[in-house]
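Peer 1: This is the content of final_1.txt (compact mmCIF, C-alpha atoms):
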```txt
# COMPACT_ATOMS: atom_id res chain seq x y z
CA MET A 1 -18.05 31.31 6.33
CA LYS A 2 -20.31 32.51 9.12
CA ASN A 3 -17.34 33.17 11.40
CA GLU A 4 -15.49 34.88 8.55
CA LEU A 5 -18.48 37.16 7.96
CA ILE A 6 -18.59 38.00 11.66
CA LYS A 7 -14.87 38.66 11.84
CA HIS A 8 -14.74 40.95 8.80
CA SER A 9 -17.87 42.82 9.72
CA ILE A 10 -16.44 43.54 13.18
CA ASP A 11 -13.39 45.11 11.53
CA LEU A 12 -15.61 47.23 9.28
CA PHE A 13 -17.89 48.26 12.14
CA VAL A 14 -14.86 49.37 14.16
CA GLU A 15 -13.47 51.33 11.24
CA LYS A 16 -16.58 52.91 9.70
CA GLY A 17 -19.27 52.33 12.29
CA TYR A 18 -22.26 50.02 11.94
CA SER A 19 -24.58 52.50 10.16
CA ALA A 20 -22.05 53.39 7.50
CA THR A 21 -21.19 49.76 6.74
CA SER A 22 -23.36 48.03 4.12
CA ILE A 23 -23.83 44.33 3.56
CA LYS A 24 -22.13 44.94 0.21
CA ASP A 25 -19.06 46.31 2.03
CA ILE A 26 -18.94 43.17 4.15
CA VAL A 27 -19.23 40.67 1.31
CA ASP A 28 -16.84 42.68 -0.89
CA THR A 29 -14.05 42.37 1.71
CA LEU A 30 -14.46 38.62 1.55
CA GLY A 31 -14.97 38.45 -2.21
CA VAL A 32 -18.27 36.59 -1.86
CA THR A 33 -21.83 37.36 -2.96
CA LYS A 34 -24.69 38.79 -0.95
CA GLY A 35 -26.27 35.35 -1.20
CA SER A 36 -23.60 33.98 1.13
CA PHE A 37 -24.49 36.64 3.64
CA TYR A 38 -28.21 35.95 3.50
CA TYR A 39 -27.59 32.24 3.82
CA HIS A 40 -26.31 32.89 7.37
CA PHE A 41 -28.14 36.06 8.45
CA THR A 42 -31.55 37.48 7.63
CA SER A 43 -30.23 41.03 8.08
CA LYS A 44 -27.30 43.18 9.16
CA GLU A 45 -29.03 43.59 12.50
CA GLU A 46 -29.11 39.83 13.05
CA LEU A 47 -25.37 39.76 12.46
CA LEU A 48 -24.88 42.58 14.98
CA MET A 49 -27.00 40.66 17.50
CA ASP A 50 -24.89 37.55 16.93
CA ILE A 51 -21.75 39.55 17.71
CA HIS A 52 -23.25 40.92 20.90
CA LEU A 53 -24.60 37.57 22.10
CA GLN A 54 -21.46 35.59 21.42
CA TYR A 55 -19.37 38.13 23.33
CA ILE A 56 -21.49 38.54 26.44
CA ASP A 57 -22.37 34.86 26.76
CA GLU A 58 -18.72 33.88 26.83
CA LEU A 59 -17.89 36.55 29.40
CA LEU A 60 -20.78 35.48 31.60
CA SER A 61 -19.82 31.83 31.59
CA ARG A 62 -16.19 32.60 32.42
CA GLN A 63 -17.26 34.98 35.17
CA LYS A 64 -19.56 32.32 36.62
CA ARG A 65 -16.67 29.88 36.80
CA ILE A 66 -14.54 32.44 38.67
CA VAL A 67 -17.24 33.23 41.21
CA GLU A 68 -17.81 29.51 41.85
CA THR A 69 -14.12 28.61 42.03
CA GLU A 70 -12.39 31.42 43.92
CA LYS A 71 -12.70 31.47 47.70
CA THR A 72 -12.18 35.11 48.80
CA SER A 73 -13.94 38.25 47.58
CA ARG A 74 -10.53 39.68 46.81
CA ASP A 75 -9.61 36.80 44.52
CA LYS A 76 -13.00 36.86 42.81
CA LEU A 77 -12.59 40.56 42.09
CA VAL A 78 -9.01 40.18 40.88
CA LYS A 79 -9.88 37.30 38.54
CA ILE A 80 -12.86 39.12 37.04
CA VAL A 81 -10.79 42.25 36.36
CA GLU A 82 -8.07 40.07 34.84
CA LEU A 83 -10.65 38.29 32.69
CA VAL A 84 -11.88 41.52 31.13
CA ILE A 85 -8.47 43.15 30.71
CA ARG A 86 -6.69 40.09 29.33
CA ASP A 87 -9.54 39.65 26.86
CA ILE A 88 -8.52 42.87 25.10
CA GLU A 89 -5.82 40.90 23.33
CA LYS A 90 -8.28 38.55 21.63
CA GLN A 91 -11.51 40.54 21.79
CA GLY A 92 -10.40 44.17 21.46
CA PRO A 93 -12.28 44.98 18.22
CA ILE A 94 -15.39 43.05 19.19
CA GLY A 95 -15.39 44.93 22.51
CA ARG A 96 -15.30 48.29 20.76
CA VAL A 97 -18.26 47.36 18.54
CA TYR A 98 -20.04 45.96 21.55
CA TYR A 99 -19.91 49.13 23.59
CA ARG A 100 -20.75 51.43 20.73
CA GLU A 101 -23.37 49.85 18.52
CA ILE A 102 -25.97 48.44 20.89
CA ARG A 103 -28.34 51.25 19.90
CA HIS A 104 -28.64 49.75 16.44
CA LEU A 105 -30.19 46.53 17.70
CA THR A 106 -33.97 46.16 17.62
CA PRO A 107 -35.52 47.13 20.97
CA GLU A 108 -36.22 43.46 21.75
CA ASN A 109 -32.64 42.39 21.03
CA ALA A 110 -31.17 45.37 22.85
CA ALA A 111 -33.23 44.42 25.89
CA ILE A 112 -31.80 40.89 25.84
CA ILE A 113 -28.23 42.21 25.66
CA ARG A 114 -28.83 44.85 28.33
CA GLN A 115 -30.22 42.17 30.61
CA LYS A 116 -27.09 40.05 30.16
CA ARG A 117 -24.78 43.02 30.64
CA GLY A 118 -26.74 43.80 33.78
CA GLU A 119 -26.13 40.25 34.97
CA PHE A 120 -22.38 40.62 34.49
CA ARG A 121 -22.48 43.88 36.45
CA ASP A 122 -24.72 42.42 39.18
CA ASN A 123 -22.27 39.58 39.70
CA ILE A 124 -19.46 42.05 40.36
CA GLU A 125 -21.74 44.06 42.62
CA GLN A 126 -22.44 40.91 44.60
CA VAL A 127 -18.74 40.18 44.99
CA MET A 128 -18.31 43.75 46.27
CA ALA A 129 -21.25 43.45 48.67
CA GLU A 130 -19.96 40.15 50.04
CA GLY A 131 -16.48 41.57 50.48
CA ILE A 132 -17.82 44.57 52.39
CA GLU A 133 -20.01 42.27 54.49
CA ASN A 134 -17.19 39.88 55.38
CA GLY A 135 -14.75 42.72 56.14
CA GLU A 136 -12.37 42.22 53.21
CA PHE A 137 -13.41 45.52 51.61
CA ARG A 138 -13.89 48.92 53.22
CA LYS A 139 -17.33 49.23 54.74
CA GLU A 140 -18.00 52.77 53.47
CA LEU A 141 -17.99 51.61 49.83
CA GLN A 142 -21.24 51.48 47.87
CA PRO A 143 -21.13 48.21 45.88
CA LYS A 144 -23.12 49.52 42.94
CA MET A 145 -21.07 52.68 42.36
CA ILE A 146 -17.73 50.94 42.85
CA THR A 147 -18.81 48.29 40.36
CA PHE A 148 -19.43 51.02 37.77
CA ALA A 149 -16.01 52.53 38.56
CA ILE A 150 -14.33 49.15 38.03
CA LEU A 151 -16.21 48.58 34.79
CA GLY A 152 -15.20 52.08 33.73
CA ILE A 153 -11.54 51.21 34.15
CA THR A 154 -11.84 47.90 32.30
CA ASN A 155 -14.26 48.98 29.55
CA TRP A 156 -12.34 52.14 28.78
CA SER A 157 -9.21 50.05 28.23
CA TYR A 158 -10.89 48.58 25.15
CA GLN A 159 -10.93 52.07 23.65
CA TRP A 160 -7.30 53.00 24.09
CA PHE A 161 -5.10 50.04 25.00
CA ASN A 162 -2.89 48.61 22.28
CA PRO A 163 -1.82 45.06 23.19
CA GLN A 164 0.99 45.37 20.62
CA GLY A 165 2.44 48.36 22.52
CA GLU A 166 5.13 48.51 25.20
CA LEU A 167 2.89 47.02 27.91
CA SER A 168 1.31 43.56 27.75
CA VAL A 169 -2.30 42.87 28.74
CA GLY A 170 -0.90 40.92 31.70
CA GLU A 171 1.08 43.92 32.95
CA LEU A 172 -1.94 46.19 32.52
CA ALA A 173 -4.12 43.71 34.40
CA ASP A 174 -1.59 43.59 37.28
CA MET A 175 -1.43 47.37 37.49
CA TYR A 176 -5.19 47.78 37.50
CA THR A 177 -5.95 45.03 39.99
CA ASP A 178 -3.34 46.61 42.28
CA PHE A 179 -4.91 50.07 41.88
CA ILE A 180 -8.43 48.74 42.44
CA LEU A 181 -7.41 46.63 45.45
CA ASN A 182 -5.76 49.66 47.04
CA GLY A 183 -9.02 51.50 46.49
CA VAL A 184 -11.22 48.84 48.06
CA LEU A 185 -9.29 46.65 50.53
CA ALA A 186 -10.03 47.21 54.21
CA GLU A 187 -6.55 46.32 55.48
CA LYS A 188 -3.54 47.92 53.94
CA MET B 1 -30.54 79.74 16.49
CA LYS B 2 -27.01 78.34 16.22
CA ASN B 3 -27.08 77.17 19.84
CA GLU B 4 -30.58 75.74 19.34
CA LEU B 5 -29.35 73.78 16.33
CA ILE B 6 -26.44 72.44 18.37
CA LYS B 7 -28.63 71.53 21.32
CA HIS B 8 -31.24 69.67 19.28
CA SER B 9 -28.72 67.90 17.13
CA ILE B 10 -26.93 66.62 20.23
CA ASP B 11 -30.19 65.08 21.42
CA LEU B 12 -30.73 63.44 18.03
CA PHE B 13 -27.14 62.19 17.83
CA VAL B 14 -27.51 60.64 21.28
CA GLU B 15 -30.79 58.98 20.35
CA LYS B 16 -30.18 57.82 16.77
CA GLY B 17 -26.46 58.22 16.31
CA TYR B 18 -24.74 60.75 14.04
CA SER B 19 -24.86 58.70 10.82
CA ALA B 20 -28.57 57.99 11.08
CA THR B 21 -29.46 61.65 11.78
CA SER B 22 -30.06 63.84 8.72
CA ILE B 23 -29.98 67.61 8.52
CA LYS B 24 -33.70 67.34 7.75
CA ASP B 25 -34.23 65.53 11.07
CA ILE B 26 -32.44 68.35 12.87
CA VAL B 27 -34.32 71.24 11.26
CA ASP B 28 -37.65 69.36 11.54
CA THR B 29 -37.32 69.14 15.34
CA LEU B 30 -36.95 72.91 15.41
CA GLY B 31 -39.58 73.60 12.77
CA VAL B 32 -37.13 75.61 10.65
CA THR B 33 -35.86 75.24 7.07
CA LYS B 34 -32.62 73.73 5.84
CA GLY B 35 -31.62 77.29 4.94
CA SER B 36 -31.35 78.14 8.64
CA PHE B 37 -29.01 75.23 9.07
CA TYR B 38 -26.75 76.18 6.17
CA TYR B 39 -26.64 79.77 7.35
CA HIS B 40 -24.69 78.55 10.40
CA PHE B 41 -22.93 75.41 9.20
CA THR B 42 -21.55 74.32 5.84
CA SER B 43 -22.24 70.66 6.68
CA LYS B 44 -23.36 68.20 9.34
CA GLU B 45 -19.70 67.48 9.94
CA GLU B 46 -18.97 71.12 10.72
CA LEU B 47 -21.74 71.02 13.31
CA LEU B 48 -20.24 67.87 14.84
CA MET B 49 -16.84 69.57 14.95
CA ASP B 50 -18.38 72.59 16.70
CA ILE B 51 -19.85 70.30 19.36
CA HIS B 52 -16.51 68.62 19.93
CA LEU B 53 -14.53 71.85 20.03
CA GLN B 54 -16.85 73.69 22.37
CA TYR B 55 -16.81 70.79 24.81
CA ILE B 56 -13.08 70.09 24.98
CA ASP B 57 -12.05 73.77 24.98
CA GLU B 58 -14.17 74.49 28.03
CA LEU B 59 -12.85 71.43 29.87
CA LEU B 60 -9.28 72.39 29.07
CA SER B 61 -9.63 75.95 30.32
CA ARG B 62 -11.26 74.84 33.57
CA GLN B 63 -8.59 72.18 34.06
CA LYS B 64 -5.87 74.77 33.50
CA ARG B 65 -7.35 76.97 36.22
CA ILE B 66 -7.38 74.03 38.65
CA VAL B 67 -3.76 73.09 37.97
CA GLU B 68 -2.66 76.72 38.41
CA THR B 69 -4.74 77.34 41.54
CA GLU B 70 -4.49 74.18 43.67
CA LYS B 71 -1.34 73.62 45.70
CA THR B 72 -1.05 69.87 46.30
CA SER B 73 -1.13 67.05 43.75
CA ARG B 74 -3.93 65.49 45.77
CA ASP B 75 -6.11 68.60 45.49
CA LYS B 76 -5.37 69.00 41.79
CA LEU B 77 -6.42 65.41 41.17
CA VAL B 78 -9.56 65.71 43.31
CA LYS B 79 -10.67 68.92 41.59
CA ILE B 80 -10.11 67.54 38.10
CA VAL B 81 -12.13 64.39 38.89
CA GLU B 82 -14.87 66.58 40.38
CA LEU B 83 -14.84 68.80 37.30
CA VAL B 84 -15.52 65.90 34.96
CA ILE B 85 -18.07 64.11 37.17
CA ARG B 86 -20.04 67.22 38.13
CA ASP B 87 -20.19 68.18 34.46
CA ILE B 88 -22.40 65.16 33.76
CA GLU B 89 -25.33 67.16 35.08
CA LYS B 90 -25.01 69.87 32.42
CA GLN B 91 -23.01 68.08 29.73
CA GLY B 92 -24.22 64.47 29.91
CA PRO B 93 -25.66 64.24 26.37
CA ILE B 94 -22.82 66.21 24.77
CA GLY B 95 -20.37 63.89 26.54
CA ARG B 96 -22.02 60.82 25.08
CA VAL B 97 -21.86 62.21 21.55
CA TYR B 98 -18.30 63.30 22.15
CA TYR B 99 -16.99 59.87 23.05
CA ARG B 100 -18.89 58.05 20.35
CA GLU B 101 -18.88 60.09 17.18
CA ILE B 102 -15.33 61.34 16.78
CA ARG B 103 -14.81 58.85 13.94
CA HIS B 104 -17.27 60.82 11.80
CA LEU B 105 -15.09 63.93 11.79
CA THR B 106 -12.80 64.56 8.84
CA PRO B 107 -9.28 63.26 9.51
CA GLU B 108 -8.02 66.86 9.93
CA ASN B 109 -10.71 67.76 12.45
CA ALA B 110 -10.40 64.47 14.30
CA ALA B 111 -6.67 65.13 14.65
CA ILE B 112 -7.36 68.54 16.22
CA ILE B 113 -9.80 67.02 18.73
CA ARG B 114 -7.49 64.09 19.52
CA GLN B 115 -4.68 66.53 20.16
CA LYS B 116 -6.82 68.48 22.64
CA ARG B 117 -8.06 65.34 24.35
CA GLY B 118 -4.44 64.26 24.60
CA GLU B 119 -3.66 67.57 26.27
CA PHE B 120 -6.36 67.03 28.88
CA ARG B 121 -4.97 63.56 29.54
CA ASP B 122 -1.36 64.77 29.64
CA ASN B 123 -2.27 67.35 32.26
CA ILE B 124 -3.65 64.62 34.53
CA GLU B 125 -0.60 62.48 33.84
CA GLN B 126 1.60 65.38 34.90
CA VAL B 127 -0.34 65.79 38.15
CA MET B 128 0.17 62.07 38.78
CA ALA B 129 3.88 62.25 37.97
CA GLU B 130 4.39 65.24 40.26
CA GLY B 131 2.47 63.54 43.08
CA ILE B 132 4.61 60.40 42.77
CA GLU B 133 7.75 62.52 42.62
CA ASN B 134 6.86 64.59 45.72
CA GLY B 135 5.79 61.53 47.70
CA GLU B 136 2.05 62.26 47.85
CA PHE B 137 1.23 59.28 45.63
CA ARG B 138 2.55 55.72 45.77
CA LYS B 139 5.84 55.42 43.95
CA GLU B 140 5.01 52.15 42.17
CA LEU B 141 2.23 53.79 40.13
CA GLN B 142 2.71 54.41 36.40
CA PRO B 143 1.32 57.90 35.73
CA LYS B 144 0.13 57.12 32.21
CA MET B 145 -1.77 53.95 33.04
CA ILE B 146 -3.34 55.38 36.20
CA THR B 147 -4.46 58.41 34.19
CA PHE B 148 -6.28 56.09 31.78
CA ALA B 149 -7.87 54.29 34.73
CA ILE B 150 -9.10 57.58 36.19
CA LEU B 151 -10.45 58.71 32.83
CA GLY B 152 -12.14 55.32 32.50
CA ILE B 153 -14.01 55.89 35.74
CA THR B 154 -15.05 59.42 34.85
CA ASN B 155 -15.78 58.90 31.14
CA TRP B 156 -17.78 55.76 31.75
CA SER B 157 -20.00 57.68 34.16
CA TYR B 158 -21.28 59.66 31.17
CA GLN B 159 -22.68 56.42 29.76
CA TRP B 160 -24.63 55.18 32.75
CA PHE B 161 -25.07 57.84 35.43
CA ASN B 162 -28.48 59.47 35.70
CA PRO B 163 -28.19 62.81 37.57
CA GLN B 164 -31.96 62.64 38.18
CA GLY B 165 -31.54 59.34 40.05
CA GLU B 166 -31.11 58.67 43.75
CA LEU B 167 -27.51 59.90 43.84
CA SER B 168 -26.43 63.46 42.98
CA VAL B 169 -23.38 64.26 40.86
CA GLY B 170 -21.80 65.70 44.01
CA GLU B 171 -22.23 62.42 45.90
CA LEU B 172 -20.87 60.44 42.97
CA ALA B 173 -17.87 62.77 42.74
CA ASP B 174 -17.18 62.33 46.48
CA MET B 175 -17.37 58.56 46.22
CA TYR B 176 -15.06 58.41 43.22
CA THR B 177 -12.46 60.85 44.50
CA ASP B 178 -12.38 58.80 47.72
CA PHE B 179 -11.95 55.54 45.78
CA ILE B 180 -9.26 57.01 43.55
CA LEU B 181 -7.38 58.62 46.45
CA ASN B 182 -7.35 55.29 48.30
CA GLY B 183 -5.92 53.77 45.15
CA VAL B 184 -3.13 56.33 44.76
CA LEU B 185 -2.24 58.02 48.06
CA ALA B 186 1.06 57.01 49.63
CA GLU B 187 -0.02 57.44 53.25
CA LYS B 188 -3.19 55.83 54.41
```
Any chance you could put this one into structure tokens?
Peer 2:
Amino acid sequence: MKNELIKHSIDLFVEKGYSATSIKDIVDTLGVTKGSFYYHFTSKEELLMDIHLQYIDELLSRQKRIVETEKTSRDKLVKIVELVIRDIEKQGPIGRVYYREIRHLTPENAAIIRQKRGEFRDNIEQVMAEGIENGEFRKELQPKMITFAILGITNWSYQWFNPQGELSVGELADMYTDFILNGVLAEK
Amino acid sequence: MKNELIKHSIDLFVEKGYSATSIKDIVDTLGVTKGSFYYHFTSKEELLMDIHLQYIDELLSRQKRIVETEKTSRDKLVKIVELVIRDIEKQGPIGRVYYREIRHLTPENAAIIRQKRGEFRDNIEQVMAEGIENGEFRKELQPKMITFAILGITNWSYQWFNPQGELSVGELADMYTDFILNGVLAEK
């Protein structure tokens, strides 16, 4: 039931926004009582925090595995971009809620999520810095700003890309890793 | 007064979100009555539509001038990216509202804004297509997908970039046009 509540509330948050969605709306979609909701969550905010945590924690652990497994900076970068883009297929709606509704978390919870998002970003920045240092990437790049550019490309895809359209997530990932590599690689 | 109402409501929408901001909140910040609000707008939604329209119409007219004035596809692309990035300085808050709150417009108004946003995007796509056609840009690029990538970089900057920070909008624009050109130019 908890996962069902999460799943249906994500759909409602995407459609109507978090503020405009009531707990009643959520339980009505599932045909259950408010009691079921309060059995799992103390508040709508706790549910929103759950959504945020679940999403970022999974991304962080998969990113960690990539950074530990891949040998070159190039491959680390490619795999991380692929991770985020390919995830649109499964996590598209959750991603849209994630980027939009963080301001509705309590300040304490928002700080926790921001810290984890910052970690994900820092890990990419470190891959960039290493790649510049070891000569794989162009030396005039600023790791921090290029990291934001890369995250812009991937995050924005959650807003517009339709995995049921003419292009698959795999094709989009290939196109974007190619574009990004052309933008950063030292040797062409 | 109308511009004051728009300005202060943008700040509130950024801070609290559109749904959570009441007309009372808006007029209270200005120390005026609700009557002043209703003299200029029939509803909060009309105000939101005004914000959206004003923003996209100005972008479109400046983009049009660039496309008509610049000779090469490269210069057109560079100037359009600069336009959007440099605008963060003046239009940062309005940009954040713009990307986040479109779902609160009436379906008719949202359709008008989406159509104009689509126009802005189509114009970039056309610059890309021309540049691929005339050999300035790499021929394996897909204009539509690269346009979304470019808009991802620029739009995302509205979420995180602080023009009062260590980097100016001009420096950010230079860095991003350089990164994008490396990603798209045929000759390196």
Peer 1: Hey, could you make a per-residue contact list for chain B against chain A with 10 Å as the cut-off, showing the nearest pair of atoms and its distance in Å to one decimal, counting all atoms listed in the file, sorted by chain and number, as a Markdown table?
Peer 2:
```
| residue | atom | partner | partner_atom | distance |
| --- | --- | --- | --- | --- |
| B:Val14 | CA | A:Arg103 | CA | 9.5 |
| B:Glu15 | CA | A:Arg103 | CA | 8.1 |
| B:Lys16 | CA | A:Arg103 | CA | 7.5 |
| B:Gly17 | CA | A:Arg103 | CA | 8.1 |
| B:Tyr18 | CA | A:Ser19 | CA | 9.1 |
| B:Ser19 | CA | A:Ser19 | CA | 6.2 |
| B:Ala20 | CA | A:Ser19 | CA | 6.8 |
| B:Tyr99 | CA | A:Arg100 | CA | 9.5 |
| B:Arg100 | CA | A:Arg100 | CA | 6.9 |
| B:Glu101 | CA | A:Gly17 | CA | 9.2 |
| B:Arg103 | CA | A:Lys16 | CA | 7.5 |
| B:His104 | CA | A:Lys16 | CA | 8.2 |
| B:Glu140 | CA | A:Met175 | CA | 9.3 |
| B:Leu141 | CA | A:Met175 | CA | 7.8 |
| B:Gln142 | CA | A:Met175 | CA | 8.2 |
| B:Met145 | CA | A:Leu172 | CA | 7.8 |
| B:Ile146 | CA | A:Tyr176 | CA | 7.9 |
| B:Phe148 | CA | A:Ile153 | CA | 7.6 |
| B:Ala149 | CA | A:Ile153 | CA | 4.8 |
| B:Ile150 | CA | A:Ile153 | CA | 7.1 |
| B:Leu151 | CA | A:Ile153 | CA | 7.7 |
| B:Gly152 | CA | A:Ile153 | CA | 4.5 |
| B:Ile153 | CA | A:Gly152 | CA | 4.5 |
| B:Thr154 | CA | A:Gly152 | CA | 7.4 |
| B:Asn155 | CA | A:Gly152 | CA | 7.3 |
| B:Trp156 | CA | A:Gly152 | CA | 4.9 |
| B:Ser157 | CA | A:Gly152 | CA | 7.4 |
| B:Gln159 | CA | A:Gly152 | CA | 9.5 |
| B:Trp160 | CA | A:Phe148 | CA | 8.3 |
| B:Phe161 | CA | A:Phe148 | CA | 9.2 |
| B:Leu167 | CA | A:Met145 | CA | 9.8 |
| B:Leu172 | CA | A:Met145 | CA | 7.8 |
| B:Met175 | CA | A:Leu141 | CA | 7.9 |
| B:Tyr176 | CA | A:Ala149 | CA | 7.6 |
| B:Asp178 | CA | A:Gly183 | CA | 8.1 |
| B:Phe179 | CA | A:Gly183 | CA | 5.0 |
| B:Ile180 | CA | A:Gly183 | CA | 6.2 |
| B:Leu181 | CA | A:Gly183 | CA | 7.3 |
| B:Asn182 | CA | A:Gly183 | CA | 4.5 |
| B:Gly183 | CA | A:Gly183 | CA | 4.1 |
| B:Val184 | CA | A:Phe179 | CA | 7.1 |
| B:Leu185 | CA | A:Asn182 | CA | 9.1 |
| B:Lys188 | CA | A:Lys188 | CA | 7.9 |
```
Peer 1: Could those selected residues go to a file with C-alpha atoms, as a short mmCIF file (atom, residue, chain, number, x, y, z; two decimals), in the frame of the given file?
Peer 2:
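Here's the written file again23.cif:
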```
data_model
loop_
_atom_site.label_atom_id
_atom_site.label_comp_id
_atom_site.auth_asym_id
_atom_site.auth_seq_id
_atom_site.Cartn_x
_atom_site.Cartn_y
_atom_site.Cartn_z
CA VAL B 14 -27.51 60.64 21.28
CA GLU B 15 -30.79 58.98 20.35
CA LYS B 16 -30.18 57.82 16.77
CA GLY B 17 -26.46 58.22 16.31
CA TYR B 18 -24.74 60.75 14.04
CA SER B 19 -24.86 58.70 10.82
CA ALA B 20 -28.57 57.99 11.08
CA TYR B 99 -16.99 59.87 23.05
CA ARG B 100 -18.89 58.05 20.35
CA GLU B 101 -18.88 60.09 17.18
CA ARG B 103 -14.81 58.85 13.94
CA HIS B 104 -17.27 60.82 11.80
CA GLU B 140 5.01 52.15 42.17
CA LEU B 141 2.23 53.79 40.13
CA GLN B 142 2.71 54.41 36.40
CA MET B 145 -1.77 53.95 33.04
CA ILE B 146 -3.34 55.38 36.20
CA PHE B 148 -6.28 56.09 31.78
CA ALA B 149 -7.87 54.29 34.73
CA ILE B 150 -9.10 57.58 36.19
CA LEU B 151 -10.45 58.71 32.83
CA GLY B 152 -12.14 55.32 32.50
CA ILE B 153 -14.01 55.89 35.74
CA THR B 154 -15.05 59.42 34.85
CA ASN B 155 -15.78 58.90 31.14
CA TRP B 156 -17.78 55.76 31.75
CA SER B 157 -20.00 57.68 34.16
CA GLN B 159 -22.68 56.42 29.76
CA TRP B 160 -24.63 55.18 32.75
CA PHE B 161 -25.07 57.84 35.43
CA LEU B 167 -27.51 59.90 43.84
CA LEU B 172 -20.87 60.44 42.97
CA MET B 175 -17.37 58.56 46.22
CA TYR B 176 -15.06 58.41 43.22
CA ASP B 178 -12.38 58.80 47.72
CA PHE B 179 -11.95 55.54 45.78
CA ILE B 180 -9.26 57.01 43.55
CA LEU B 181 -7.38 58.62 46.45
CA ASN B 182 -7.35 55.29 48.30
CA GLY B 183 -5.92 53.77 45.15
CA VAL B 184 -3.13 56.33 44.76
CA LEU B 185 -2.24 58.02 48.06
CA LYS B 188 -3.19 55.83 54.41
#
```
Peer 1: For each of B:Leu12, B:Ile94, B:Leu59, B:Val67, take the minimum atom-to-atom distance to B:Lys116, counting only C-alpha atoms, then give the residue where this is smallest.
Peer 2: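 Of all the options, B:Leu59 lies closest to B:Lys116.
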Peer 1: Mind giving me the straight-line distance from atom CA of A:Phe41 to atom CA of A:Phe13 in Å, one decimal?
Peer 2: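 Straight-line distance from atom CA of A:Phe41 to atom CA of A:Phe13 works out to 16.4 Å.
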Peer 1: As an exercise, work out the distance from atom CA of A:Val27 to atom CA of A:Glu4 in Å and give it to one decimal place.
Peer 2: 10.0 Å
Peer 1: Could you list, as a VMD selection string, every residue within 12 Å of A:Asp75, counting only C-alpha atoms and ignoring same-chain residues fewer than 6 positions away?
Peer 2: chain A and resid 66 to 69 81 to 83 124 127 to 128 131 136 to 137 177 to 178 181 185
Peer 1: Restricting the calculation to all atoms listed in the file: of A:Val84, A:Ala129, A:Ile56, A:Leu77, which residue gets closest to A:Gln115?
Peer 2: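 Smallest distance to A:Gln115 is found for A:Ile56.
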Peer 1: Contacts of B:His40 at 10 Å or less, counting only C-alpha atoms, minus same-chain residues fewer than 6 places along, as a count of residues only?
Peer 2: 6
Peer 1: Compile the contact shell of A:Tyr55 as a ChimeraX atom specification: residues with an atom at most 10 Å away, counting all atoms listed in the file, same-chain residues fewer than 6 positions apart removed.
Peer 2: /A:49,91,94-95,98
Peer 1: Which residues, protein or nucleic acid, reach to within 6 Å of (5.9, 54.6, 47.8) in the file's coordinates when using only C-alpha atoms, and can you give that as a PyMOL selection string?
Peer 2: chain B and resi 138-139+186
Peer 1: Just give me the gap between atom CA of B:Ile80 and atom CA of B:Lys7 in Å, one decimal is fine.
Peer 2: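 That distance, rounded to one decimal, is 25.3 Å.
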Peer 1: Using only C-alpha atoms, can you tell me which of B:Ala173, B:Val32, B:Ile10, B:Glu45 comes closest to B:Glu108?
Peer 2: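 Going through B:Ala173, B:Val32, B:Ile10, B:Glu45 one by one, the smallest distance to B:Glu108 is for B:Glu45.
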Peer 1: Using all atoms listed in the file, find the one residue out of B:Asp50, B:His8, B:Tyr158, B:Ser43 that sits nearest to B:Ile88.
Peer 2: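 Checking each of B:Asp50, B:His8, B:Tyr158, B:Ser43 against B:Ile88, counting all atoms listed in the file, the winner is B:Tyr158.
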Peer 1: Please identify all polymer residues within 10 Å of A:Thr33, counting all atoms listed in the file, omitting same-chain residues fewer than 6 positions from it, and present them as a PyMOL selection string.
Peer 2: chain A and resi 23-24+26-27
Peer 1: Just to be explicit: take each residue in the selection above, keep C-alpha atoms, and write the result as a PDB file, in the frame of the given file.
Peer 2:
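So again-v7.pdb came out as:
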```
ATOM      1  CA  ILE A  23     -23.830  44.330   3.560  1.00  0.00           C
ATOM      2  CA  LYS A  24     -22.130  44.940   0.210  1.00  0.00           C
ATOM      3  CA  ILE A  26     -18.940  43.170   4.150  1.00  0.00           C
ATOM      4  CA  VAL A  27     -19.230  40.670   1.310  1.00  0.00           C
TER       5      VAL A  27
END
```
Peer 1: Would you pick out the contacts of B:Asp122 at 9 Å or less, using all atoms listed in the file, so that residues sharing its chain but fewer than 4 positions from it are not included, and give the list as a list in words?
Peer 2: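 That gives Arg117, Gly118, Gln126, Val127, Lys144 and Thr147 of chain B.
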Peer 1: When you count all atoms listed in the file, which of these residues is closest to A:Glu130: A:Lys76, A:Lys34, A:His52, A:Arg86?
Peer 2: A:Lys76
Peer 1: Which residue, A:Ser73, A:Asn134, A:Gln54, A:Ser9, has the smallest gap to A:Ile113 when you use only C-alpha atoms?
Peer 2: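 Of all the options, A:Gln54 lies closest to A:Ile113.
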Peer 1: Which centre and which edge lengths, in Å to one decimal, describe the axis-aligned box that holds all listed atoms of stretch 81-84 of chain B after 6 Å is added on each side, as AutoDock Vina command-line options?
Peer 2:
```
--center_x -13.8 --center_y 66.6 --center_z 37.7 --size_x 15.4 --size_y 16.4 --size_z 17.4
```
